[in-house]
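First the structure, in the form of structure tokens, and then the observations on it.
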Amino acid sequence: MPRDPYQELGVSRTATADEIRKAFRKLAKANHPDTNPGDKASEERFKKVSAAFDIVGDPDKRKKFDAGEIDADGRETMRGFGGAGGPWGGGQGGGFGAGGGPRGGFRTETFEGADLGDILGEMFGGGRGGPRGGGTGGGFGGFSQRGADVRAKLEIDLVDAIRGGKQRIAFSDGRTIDVTIPKGAQDGQTLRLKGQGSPGRSGPGDAFIELSVKPHPIFRREGDTLVMDLPVAFYDAVLGGKVEAPTPDGPVTLTVPKGSNTGARLRLKGRGLADAQGHRGDLFARLVVTLPETPDPALEAFAEEQKAKRPYTPRRRS
């Protein structure tokens with residue numbers, strides 16, 4: 001018998017949609033096959049929580065499940081099937097005999113002419129690992145149920161992870177779809193695309209897309225902070241000045257304080273990483289004081305004069 005999807009996710013029946021989503025994400029991340037390669041128990045657990053979320057994570061399906069209109073596998077319930085004893089019970093008109101056929105007055109007309117194999121296929125499933133199944137399309141008489149889920153990895157740019165966007169992905173069966181990358185996407189986050197998996201008798205499965213954030217040539221992550229190195233001319237460092245700085249949202253103008261040294265950090269508020277809700281953190285520009293690429297005799301003469309008149313020992317910066 002399928003377990004209660006609320007129990008699978010570890011939430012109460014009164015849980016909010018947000019609480020259900022959080023519970024699913026936590027369990028899916030902990031049990032994802034890519035996180036636990038070769039661990040059949042984790043893979044099975046991942047399938048169960050995914051199936052549970054498919055029911056209670058969908059407002060319409062959750063409403064039907066709570067009303068008893070569908071079961072934990074999303075199939076419509078058939079009340080009164082097999083009499084008081086249920087489909088396998090010994091109550092009046094219920095169950096099956098030892099030979100596998102109907103017994104005790106089982107009435108096929110209850111199903112209005114439906115083929116019994118269809119009913120059993122829908123009730124007990126036929127996919128891989130189902131009752132009497134020998135693989136895909138197995139089960140009772142080879143009747144399949146919901147299509148298999150598919151999984152893929154997608155590399156995205158850091159800027160797309162922060163701001164969101166779209167990227168096209170190709171599956172091994174030749175299909176291509178556009179994946180919507182949410183704002184604040186995280187490295188290792190898995191997106192679920194409903195109905196984009198393999199086809200099946202009861203509808204297609206889902207596609208699970210694991211995101212991988214590529215290193216950026218300018219910006220780097222330090223914990224939850226976004227940092228970049230910003231070259232500045234020596235005269236802007238000595239005298240102070242305004243310089244242009246890149247950000248994930250485009251260039252901005254920064255004011256370099258007078259007497260700045262390499263290693264000093266300037267804060268760009270709200271220009272950094274985004275969380276799952278789209279709230280932006282800060283970007284820090286680490287100043288790198290840079291001399292001209294070509295020798296400058298006047299600058300060298302000035303340096304010689306200062307070295308003779310005002311020698312000093314630079315402080316070591318961590």
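Naming works like this for the structure tokens: A, B, ... for the chains as they're shown, residue 1 at the start of each chain, ligands 1 onward in shown order.
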Residues at most 10 Å from region 173-190 of chain A, counting only C-alpha atoms, excluding those fewer than 4 positions away in the same chain, as a PyMOL selection string?
chain A and resi 25+28-29+32+34-35+151-156+158-169+196+198+207-214+273-280
Restricting the output to N, CA and C atoms, write the selected residues as a tab-separated table (two decimals), in the first residue's frame.
chain	number	residue	atom	x	y	z
A	25	ARG	N	12.56	19.88	-0.59
A	25	ARG	CA	13.90	20.27	-1.01
A	25	ARG	C	14.97	19.65	-0.11
A	28	ALA	N	15.01	15.85	-0.82
A	28	ALA	CA	15.50	15.57	-2.17
A	28	ALA	C	17.00	15.80	-2.26
A	29	LYS	N	17.47	16.83	-1.63
A	29	LYS	CA	18.91	17.13	-1.66
A	29	LYS	C	19.70	16.05	-0.92
A	32	HIS	N	19.37	12.64	-3.16
A	32	HIS	CA	19.52	12.67	-4.62
A	32	HIS	C	20.54	11.63	-5.07
A	34	ASP	N	22.71	11.64	-7.37
A	34	ASP	CA	24.03	12.18	-7.65
A	34	ASP	C	24.80	12.47	-6.37
A	35	THR	N	24.07	12.69	-5.27
A	35	THR	CA	24.71	12.91	-3.98
A	35	THR	C	25.10	11.59	-3.33
A	151	ARG	N	16.82	12.81	-15.69
A	151	ARG	CA	17.69	13.70	-14.94
A	151	ARG	C	18.81	14.21	-15.84
A	152	ALA	N	19.21	15.45	-15.61
A	152	ALA	CA	20.27	16.04	-16.40
A	152	ALA	C	20.95	17.13	-15.57
A	153	LYS	N	22.17	17.49	-15.98
A	153	LYS	CA	22.90	18.57	-15.34
A	153	LYS	C	23.00	19.75	-16.30
A	154	LEU	N	22.96	20.95	-15.74
A	154	LEU	CA	23.00	22.16	-16.56
A	154	LEU	C	23.96	23.16	-15.94
A	155	GLU	N	24.98	23.56	-16.70
A	155	GLU	CA	25.91	24.59	-16.24
A	155	GLU	C	25.34	25.97	-16.56
A	156	ILE	N	25.37	26.85	-15.57
A	156	ILE	CA	24.86	28.20	-15.76
A	156	ILE	C	25.91	29.21	-15.33
A	158	LEU	N	27.30	32.62	-13.43
A	158	LEU	CA	27.05	33.20	-12.11
A	158	LEU	C	26.02	34.33	-12.21
A	159	VAL	N	26.09	35.11	-13.28
A	159	VAL	CA	25.15	36.22	-13.44
A	159	VAL	C	23.73	35.69	-13.59
A	160	ASP	N	23.54	34.60	-14.35
A	160	ASP	CA	22.21	34.01	-14.49
A	160	ASP	C	21.72	33.43	-13.16
A	161	ALA	N	22.65	32.89	-12.37
A	161	ALA	CA	22.27	32.37	-11.06
A	161	ALA	C	21.76	33.49	-10.16
A	162	ILE	N	22.33	34.67	-10.29
A	162	ILE	CA	21.94	35.80	-9.46
A	162	ILE	C	20.64	36.44	-9.97
A	163	ARG	N	20.59	36.71	-11.26
A	163	ARG	CA	19.49	37.49	-11.84
A	163	ARG	C	18.37	36.63	-12.42
A	164	GLY	N	18.63	35.32	-12.62
A	164	GLY	CA	17.65	34.48	-13.28
A	164	GLY	C	17.79	34.60	-14.79
A	165	GLY	N	17.15	33.69	-15.49
A	165	GLY	CA	17.21	33.73	-16.95
A	165	GLY	C	16.67	32.45	-17.56
A	166	LYS	N	16.96	32.24	-18.82
A	166	LYS	CA	16.54	31.03	-19.53
A	166	LYS	C	17.74	30.42	-20.23
A	167	GLN	N	17.74	29.09	-20.28
A	167	GLN	CA	18.80	28.38	-20.98
A	167	GLN	C	18.23	27.10	-21.57
A	168	ARG	N	18.65	26.78	-22.76
A	168	ARG	CA	18.13	25.60	-23.45
A	168	ARG	C	18.98	24.38	-23.11
A	169	ILE	N	18.30	23.24	-22.91
A	169	ILE	CA	18.98	21.99	-22.61
A	169	ILE	C	18.45	20.91	-23.54
A	196	GLN	N	7.90	16.75	-18.13
A	196	GLN	CA	8.94	16.81	-19.16
A	196	GLN	C	9.78	15.53	-19.20
A	198	SER	N	9.85	11.02	-19.44
A	198	SER	CA	9.46	10.04	-20.45
A	198	SER	C	7.95	9.85	-20.46
A	207	ALA	N	11.14	15.92	-15.27
A	207	ALA	CA	12.57	16.10	-15.52
A	207	ALA	C	13.17	16.82	-14.32
A	208	PHE	N	14.29	16.31	-13.83
A	208	PHE	CA	15.00	16.92	-12.71
A	208	PHE	C	16.33	17.45	-13.24
A	209	ILE	N	16.51	18.77	-13.16
A	209	ILE	CA	17.68	19.43	-13.71
A	209	ILE	C	18.55	19.95	-12.57
A	210	GLU	N	19.75	19.39	-12.43
A	210	GLU	CA	20.67	19.86	-11.39
A	210	GLU	C	21.54	20.98	-11.95
A	211	LEU	N	21.57	22.10	-11.23
A	211	LEU	CA	22.30	23.28	-11.69
A	211	LEU	C	23.73	23.27	-11.16
A	212	SER	N	24.65	23.68	-12.02
A	212	SER	CA	26.05	23.83	-11.64
A	212	SER	C	26.50	25.23	-12.07
A	213	VAL	N	26.92	26.05	-11.11
A	213	VAL	CA	27.31	27.43	-11.40
A	213	VAL	C	28.78	27.48	-11.80
A	214	LYS	N	29.06	27.98	-13.00
A	214	LYS	CA	30.42	28.03	-13.51
A	214	LYS	C	31.22	29.16	-12.82
A	273	LEU	N	25.42	38.39	-4.31
A	273	LEU	CA	24.67	37.17	-4.51
A	273	LEU	C	23.22	37.33	-4.07
A	274	ALA	N	22.35	36.49	-4.65
A	274	ALA	CA	20.93	36.50	-4.30
A	274	ALA	C	20.58	35.19	-3.61
A	275	ASP	N	19.65	35.26	-2.64
A	275	ASP	CA	19.18	34.03	-2.01
A	275	ASP	C	17.99	33.48	-2.78
A	276	ALA	N	17.39	32.39	-2.25
A	276	ALA	CA	16.30	31.72	-2.97
A	276	ALA	C	15.09	32.64	-3.14
A	277	GLN	N	14.95	33.66	-2.28
A	277	GLN	CA	13.83	34.59	-2.38
A	277	GLN	C	14.16	35.79	-3.27
A	278	GLY	N	15.38	35.82	-3.81
A	278	GLY	CA	15.77	36.92	-4.69
A	278	GLY	C	16.37	38.11	-3.98
A	279	HIS	N	16.58	38.02	-2.65
A	279	HIS	CA	17.16	39.13	-1.91
A	279	HIS	C	18.67	39.18	-2.17
A	280	ARG	N	19.15	40.34	-2.53
A	280	ARG	CA	20.55	40.50	-2.93
A	280	ARG	C	21.44	40.87	-1.75
So which residues touch Ala30 (chain A) within 10 Å, counting only C-alpha atoms, skipping near sequence neighbours fewer than 6 positions away, as a ChimeraX atom specification?
/A:24,36,42,45-46
Would you list the contacts of Phe53 (chain A) as a ChimeraX atom specification, taking every protein, DNA or RNA residue within 8 Å and counting only C-alpha atoms, but skipping same-chain residues closer than 5 positions in sequence?
/A:5,9,20-21,24,58
What gap, in Å, lies between CA of Leu291 (chain A) and CA of His216 (chain A)?
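Computed distance, CA of Leu291 (chain A) to CA of His216 (chain A), equals 25.3 Å.
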What gap, in Å, lies between CA of Ala308 (chain A) and CA of Asn261 (chain A)?
21.2 Å
When you draw a straight line from CA of Phe65 (chain A) to CA of Pro204 (chain A), how long is it in Å?
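Taking CA of Phe65 (chain A) and CA of Pro204 (chain A), their separation equals 19.9 Å.
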Interface rows for region 191-221 of chain A against region 47-51 of chain A: nearest pair, Å to one decimal, 12 Å, only C-alpha atoms, as CSV:
residue,atom,partner,partner_atom,distance
A:Leu191,CA,A:Ser50,CA,11.9
A:Arg192,CA,A:Ser50,CA,9.4
A:Leu193,CA,A:Ser50,CA,11.9
A:Lys194,CA,A:Ser50,CA,11.0
A:Gly205,CA,A:Ala51,CA,10.2
A:Asp206,CA,A:Ser50,CA,9.5
A:Ala207,CA,A:Ser50,CA,11.2
A:Phe208,CA,A:Ser50,CA,10.1
Please, could you write that set of residues out with C-alpha atoms as a PDB file, in the first residue's frame?
ATOM      1  CA  LEU A 191      14.824  22.072 -10.623  1.00  0.00           C
ATOM      2  CA  ARG A 192      11.754  19.910 -11.223  1.00  0.00           C
ATOM      3  CA  LEU A 193      10.040  20.299 -14.600  1.00  0.00           C
ATOM      4  CA  LYS A 194       6.649  18.633 -14.380  1.00  0.00           C
ATOM      5  CA  GLY A 205       7.203  11.676 -15.819  1.00  0.00           C
ATOM      6  CA  ASP A 206       9.143  14.719 -14.674  1.00  0.00           C
ATOM      7  CA  ALA A 207      12.567  16.104 -15.515  1.00  0.00           C
ATOM      8  CA  PHE A 208      14.997  16.920 -12.713  1.00  0.00           C
TER       9      PHE A 208
END
For Pro215 (chain A): contacts at 9 Å, only C-alpha atoms, fewer than 3 positions along chain excluded, given as a ChimeraX atom specification
/A:157-158,218-221
C-alpha atoms of the current selection, written as an mmCIF file, in the first residue's frame:
data_model
loop_
_atom_site.group_PDB
_atom_site.id
_atom_site.type_symbol
_atom_site.label_atom_id
_atom_site.label_comp_id
_atom_site.auth_asym_id
_atom_site.auth_seq_id
_atom_site.Cartn_x
_atom_site.Cartn_y
_atom_site.Cartn_z
ATOM 1 C CA ASP A 157 26.712 31.507 -15.486
ATOM 2 C CA LEU A 158 27.051 33.204 -12.115
ATOM 3 C CA ILE A 218 35.784 38.577 -12.484
ATOM 4 C CA PHE A 219 33.550 37.727 -9.540
ATOM 5 C CA ARG A 220 34.244 35.013 -6.979
ATOM 6 C CA ARG A 221 32.305 33.670 -4.024
#
Compile the contact shell of Pro246 (chain A) as a list in words: residues with an atom at most 10 Å away, counting only C-alpha atoms, same-chain residues fewer than 4 positions apart removed.
Ile218, Phe219, Met228, Leu230, Gly250, Pro251, Val252, Thr253, Leu254 and Ala285 of chain A
Output for the residues just chosen: C-alpha atoms as a PDB file, in the first residue's frame:
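Written output follows (out_17.pdb):
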ATOM      1  CA  ILE A 218      35.784  38.577 -12.484  1.00  0.00           C
ATOM      2  CA  PHE A 219      33.550  37.727  -9.540  1.00  0.00           C
ATOM      3  CA  MET A 228      36.167  41.029  -7.088  1.00  0.00           C
ATOM      4  CA  LEU A 230      39.456  46.151  -8.893  1.00  0.00           C
ATOM      5  CA  GLY A 250      26.401  46.389 -15.314  1.00  0.00           C
ATOM      6  CA  PRO A 251      29.168  48.978 -14.632  1.00  0.00           C
ATOM      7  CA  VAL A 252      28.861  51.521 -11.812  1.00  0.00           C
ATOM      8  CA  THR A 253      31.027  54.431 -10.637  1.00  0.00           C
ATOM      9  CA  LEU A 254      32.944  54.045  -7.374  1.00  0.00           C
ATOM     10  CA  ALA A 285      35.629  45.468  -4.574  1.00  0.00           C
TER      11      ALA A 285
END
Pick from A:Gly147, A:Pro297, A:Gly241, A:Gly203 nearest to Ser260 (chain A), counting only C-alpha atoms:
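The closest residue to Ser260 (chain A) is A:Gly241.
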